[in-house]
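Peer 1: Would you mind keeping the following structure in view while I ask a few things?
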Amino acid sequence: MNLLFPPSDHRQRLDQELGAALAEAEQQVISGSVVPTFDRAAFRTELAQYDFGREQPLGDVLRWTVEQLRHGIVHVTHPRYFGLFNPTPTFPAQCAERIVASFNPQLATSTTSPAAVEIESHVLRSVAHRAGLPYQTRGHFTTGGSEANCTAAVLALTRANPSFSRLGARAFPGQPVFYVSRDSHRAWLKIAHQTGIGRDAVRFVATDGAGRLHLPTLEKMIVADAAEGCVPVLIAATAGTTNGGMIDPLEGCALAAQTHGLWYHVDAAWAGALIASDDTRTVLTGLEQADSVAIDAHKWFATTMGCGMFLTRDPELLSSAFQASNSYMPSNITSADPYLTSLQWSRRFLGLRLFLALATAGWAGYAKHVEHALRLSDSLRQRLLEAGWTIANDSPAGVVCAIPPEPALVRTIVSQVVASGCAWVSVAAFEDREVIRACVTSGLTTDEDVGSLVTALVRNSCPTGETLWTT
């Protein structure tokens, strides 16, 4: 039997066994520790047995792998994971992974995968419309926010000087620079490096004391840079900062970009999902004025990992920035094929994950999903205030930055809670204060889970250091 391509009946049996093993593991994860509970040395010894010198039954390898992952990772799918925005993926998105893995379409061109390319385009148009972006808005799915933000930087540089596509940074008479909040994602440093303008091109703008970009400082920095011979090209506002969940003044950033002739981009990788709810979308007012937007489907839209979106109101610039021609490709430089409008060439069918979820639940279903997380975050905030804690931020996106009565205990409390396995939270900095950062990331989280977290935090803030729960 060909072990790489076994017969259909063999595949079906293994598929059923894998499905049962994953369902059992899911239940064990929910009832168990959020953090890894495995012995690294013992694991490495077992792993070394797979020296690839002999055949091993796939069923055995699958069961072993599931068991190792059940014990060997932080379970971001756990309802008491209150950490970075790595959510429990929706079931429709998980189904999409199975379908895509089976058909394995190549989305470089619409010639090879017309149905898949059309599905992605349809989803992107729907998201753009929901975000209030103009009709001509187009874009593509990405591996995540970093790729989407890098695309924005490339477009900003290309529009500022079309010769950038040929000459790179040499095309500019001075140092190209762009502006982001000091609380923005540090991937912007990598992006500056990748685009060839250097990390010194990133201008980190001070915040306003509440975690949002300070507009008067932004204005002064742009004027000063231009006076010194630099070339400002981009303002990138953040909608949902990692540490505090804050949203920069989007309308003010749009006006500053318009005043100085800069590209205006919104990194809404996380909080972009607020567009789903009529009750929350207004906090993103100003997003609709953006030249480009990044939204991660694998964050609050809860698809599986590696699924972002890039949208722009200037599809012609997008095409010109990434044009390329090869004799073996079935299209030319005037095509709107994905390989001609993105950083990627060969590409996975990413958009099916969001398509299946939206087709199943609709915008109304996602509105309930977002509102559920915000309600639980409000509950967490209120319970901690009642326990005598301080809340350092006022996030419209559900992040709670909490400070215990004894601020010096922040790291101790986090270490004890995480070590117990009952929940996962992290240490963060918000406006130069060390805080305990907690965020509802799972659609499976309940009021009881929030109550368990509050109890763990409060008990571990006691001088005795008593822990609530152990595995």
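Chains: A, B, ... in order of the structure tokens. Residues: from 1 per chain. Ligands: from 1, in order shown.
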Got a sec: who's within 7 Å of Pro232 of chain A, counting only C-alpha atoms, leaving out chain neighbours fewer than 6 positions off, as a PyMOL selection string?
Peer 2: chain A and resi 176-178+222+226+262
Peer 1: Find the residues around segment 30-41 of chain A up to 7 Å (only C-alpha atoms counted), leave out those fewer than 3 positions away in its own chain, and share them as a list in words.
Peer 2: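 The neighbour list is Glu26, Gln27, Arg44, Thr45, His71, Gly72, Ile73, Val74, His75, His78, Pro79, Tyr81, Gly421, Cys422, Ala423, Trp424 and Thr471 of chain A.
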Peer 1: If we count only C-alpha atoms and set the cut-off at 12 Å, which residues sit around Val117 of chain A, ignoring sequence neighbours fewer than 2 positions away in its own chain? Please answer as a ChimeraX atom specification.
Peer 2: /A:105-115,119-124,139-141,336-339,347-352,355
Peer 1: Report the residues of segment 187-310 of chain A whose backbone DSSP state falls under strand (DSSP E or B), written as a list in words.
Peer 2: Val202, Arg203, Phe204, Val205, Thr207, Leu213, Val231, Pro232, Val233, Leu234, Ile235, Ala236, Ala237, Thr238, Ala239, Ile247, Trp263, Tyr264, His265, Val266, Asp267, Ser292, Val293, Ala294, Ile295, Asp296, Gly308, Met309 and Phe310 of chain A
Peer 1: Those same residues, written as a PDB file, in the first residue's frame with N, CA and C atoms?
Peer 2:
ATOM      1  N   VAL A 202      10.764  54.571  11.018  1.00  0.00           N
ATOM      2  CA  VAL A 202       9.556  54.484  11.836  1.00  0.00           C
ATOM      3  C   VAL A 202       9.565  55.599  12.868  1.00  0.00           C
ATOM      4  N   ARG A 203       8.528  56.415  12.833  1.00  0.00           N
ATOM      5  CA  ARG A 203       8.372  57.484  13.810  1.00  0.00           C
ATOM      6  C   ARG A 203       7.288  57.080  14.803  1.00  0.00           C
ATOM      7  N   PHE A 204       7.681  56.811  16.035  1.00  0.00           N
ATOM      8  CA  PHE A 204       6.717  56.430  17.062  1.00  0.00           C
ATOM      9  C   PHE A 204       6.190  57.689  17.741  1.00  0.00           C
ATOM     10  N   VAL A 205       4.910  57.926  17.581  1.00  0.00           N
ATOM     11  CA  VAL A 205       4.273  59.130  18.096  1.00  0.00           C
ATOM     12  C   VAL A 205       3.802  58.882  19.529  1.00  0.00           C
ATOM     13  N   THR A 207       1.641  58.978  22.964  1.00  0.00           N
ATOM     14  CA  THR A 207       0.215  58.796  23.198  1.00  0.00           C
ATOM     15  C   THR A 207      -0.327  59.922  24.083  1.00  0.00           C
ATOM     16  N   LEU A 213      -2.855  57.620  19.981  1.00  0.00           N
ATOM     17  CA  LEU A 213      -1.912  58.516  19.334  1.00  0.00           C
ATOM     18  C   LEU A 213      -2.292  59.969  19.597  1.00  0.00           C
ATOM     19  N   VAL A 231      11.137  62.596   4.012  1.00  0.00           N
ATOM     20  CA  VAL A 231       9.966  62.520   3.142  1.00  0.00           C
ATOM     21  C   VAL A 231       8.869  61.720   3.840  1.00  0.00           C
ATOM     22  N   PRO A 232       7.943  62.381   4.519  1.00  0.00           N
ATOM     23  CA  PRO A 232       6.815  61.662   5.142  1.00  0.00           C
ATOM     24  C   PRO A 232       5.941  61.016   4.071  1.00  0.00           C
ATOM     25  N   VAL A 233       5.568  59.739   4.290  1.00  0.00           N
ATOM     26  CA  VAL A 233       4.784  59.032   3.275  1.00  0.00           C
ATOM     27  C   VAL A 233       3.508  58.393   3.820  1.00  0.00           C
ATOM     28  N   LEU A 234       3.438  58.130   5.124  1.00  0.00           N
ATOM     29  CA  LEU A 234       2.357  57.289   5.631  1.00  0.00           C
ATOM     30  C   LEU A 234       2.028  57.627   7.082  1.00  0.00           C
ATOM     31  N   ILE A 235       0.724  57.649   7.382  1.00  0.00           N
ATOM     32  CA  ILE A 235       0.232  57.641   8.758  1.00  0.00           C
ATOM     33  C   ILE A 235      -0.541  56.346   8.930  1.00  0.00           C
ATOM     34  N   ALA A 236      -0.150  55.559   9.918  1.00  0.00           N
ATOM     35  CA  ALA A 236      -0.833  54.288  10.187  1.00  0.00           C
ATOM     36  C   ALA A 236      -1.463  54.348  11.569  1.00  0.00           C
ATOM     37  N   ALA A 237      -2.770  54.492  11.607  1.00  0.00           N
ATOM     38  CA  ALA A 237      -3.493  54.499  12.876  1.00  0.00           C
ATOM     39  C   ALA A 237      -3.783  53.067  13.300  1.00  0.00           C
ATOM     40  N   THR A 238      -3.829  52.848  14.601  1.00  0.00           N
ATOM     41  CA  THR A 238      -4.114  51.514  15.135  1.00  0.00           C
ATOM     42  C   THR A 238      -5.525  51.476  15.708  1.00  0.00           C
ATOM     43  N   ALA A 239      -6.294  50.499  15.286  1.00  0.00           N
ATOM     44  CA  ALA A 239      -7.633  50.273  15.838  1.00  0.00           C
ATOM     45  C   ALA A 239      -7.592  48.973  16.623  1.00  0.00           C
ATOM     46  N   ILE A 247      -8.112  52.616  20.494  1.00  0.00           N
ATOM     47  CA  ILE A 247      -8.302  52.988  19.095  1.00  0.00           C
ATOM     48  C   ILE A 247      -7.814  54.419  18.904  1.00  0.00           C
ATOM     49  N   TRP A 263      -0.343  58.875   2.699  1.00  0.00           N
ATOM     50  CA  TRP A 263      -1.209  57.695   2.660  1.00  0.00           C
ATOM     51  C   TRP A 263      -1.751  57.454   4.071  1.00  0.00           C
ATOM     52  N   TYR A 264      -3.040  57.166   4.160  1.00  0.00           N
ATOM     53  CA  TYR A 264      -3.661  56.926   5.465  1.00  0.00           C
ATOM     54  C   TYR A 264      -4.091  55.467   5.555  1.00  0.00           C
ATOM     55  N   HIS A 265      -3.467  54.759   6.470  1.00  0.00           N
ATOM     56  CA  HIS A 265      -3.737  53.335   6.664  1.00  0.00           C
ATOM     57  C   HIS A 265      -4.263  53.108   8.072  1.00  0.00           C
ATOM     58  N   VAL A 266      -5.188  52.161   8.220  1.00  0.00           N
ATOM     59  CA  VAL A 266      -5.685  51.784   9.539  1.00  0.00           C
ATOM     60  C   VAL A 266      -5.367  50.315   9.790  1.00  0.00           C
ATOM     61  N   ASP A 267      -4.580  50.073  10.810  1.00  0.00           N
ATOM     62  CA  ASP A 267      -4.300  48.704  11.249  1.00  0.00           C
ATOM     63  C   ASP A 267      -5.410  48.301  12.214  1.00  0.00           C
ATOM     64  N   SER A 292      -6.193  52.517   2.976  1.00  0.00           N
ATOM     65  CA  SER A 292      -6.083  51.062   3.085  1.00  0.00           C
ATOM     66  C   SER A 292      -6.365  50.642   4.521  1.00  0.00           C
ATOM     67  N   VAL A 293      -6.759  49.382   4.662  1.00  0.00           N
ATOM     68  CA  VAL A 293      -7.148  48.842   5.968  1.00  0.00           C
ATOM     69  C   VAL A 293      -6.642  47.406   6.085  1.00  0.00           C
ATOM     70  N   ALA A 294      -6.172  47.058   7.272  1.00  0.00           N
ATOM     71  CA  ALA A 294      -5.819  45.668   7.588  1.00  0.00           C
ATOM     72  C   ALA A 294      -6.798  45.150   8.637  1.00  0.00           C
ATOM     73  N   ILE A 295      -7.366  43.979   8.385  1.00  0.00           N
ATOM     74  CA  ILE A 295      -8.237  43.313   9.355  1.00  0.00           C
ATOM     75  C   ILE A 295      -7.856  41.835   9.377  1.00  0.00           C
ATOM     76  N   ASP A 296      -7.609  41.308  10.556  1.00  0.00           N
ATOM     77  CA  ASP A 296      -7.290  39.881  10.679  1.00  0.00           C
ATOM     78  C   ASP A 296      -8.555  39.083  10.942  1.00  0.00           C
ATOM     79  N   GLY A 308      -5.562  36.867   7.268  1.00  0.00           N
ATOM     80  CA  GLY A 308      -5.768  38.303   7.358  1.00  0.00           C
ATOM     81  C   GLY A 308      -6.374  38.850   6.078  1.00  0.00           C
ATOM     82  N   MET A 309      -6.678  40.154   6.097  1.00  0.00           N
ATOM     83  CA  MET A 309      -7.243  40.814   4.917  1.00  0.00           C
ATOM     84  C   MET A 309      -6.589  42.169   4.714  1.00  0.00           C
ATOM     85  N   PHE A 310      -6.353  42.511   3.449  1.00  0.00           N
ATOM     86  CA  PHE A 310      -5.903  43.848   3.089  1.00  0.00           C
ATOM     87  C   PHE A 310      -6.905  44.443   2.119  1.00  0.00           C
TER      88      PHE A 310
END
Peer 1: Restricting the calculation to only C-alpha atoms: of A:Arg130, A:Arg459, A:Arg383, A:Arg186, which residue gets closest to Val414 of chain A?
Peer 2: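 Checking each of A:Arg130, A:Arg459, A:Arg383, A:Arg186 against Val414 of chain A, counting only C-alpha atoms, the winner is A:Arg459.
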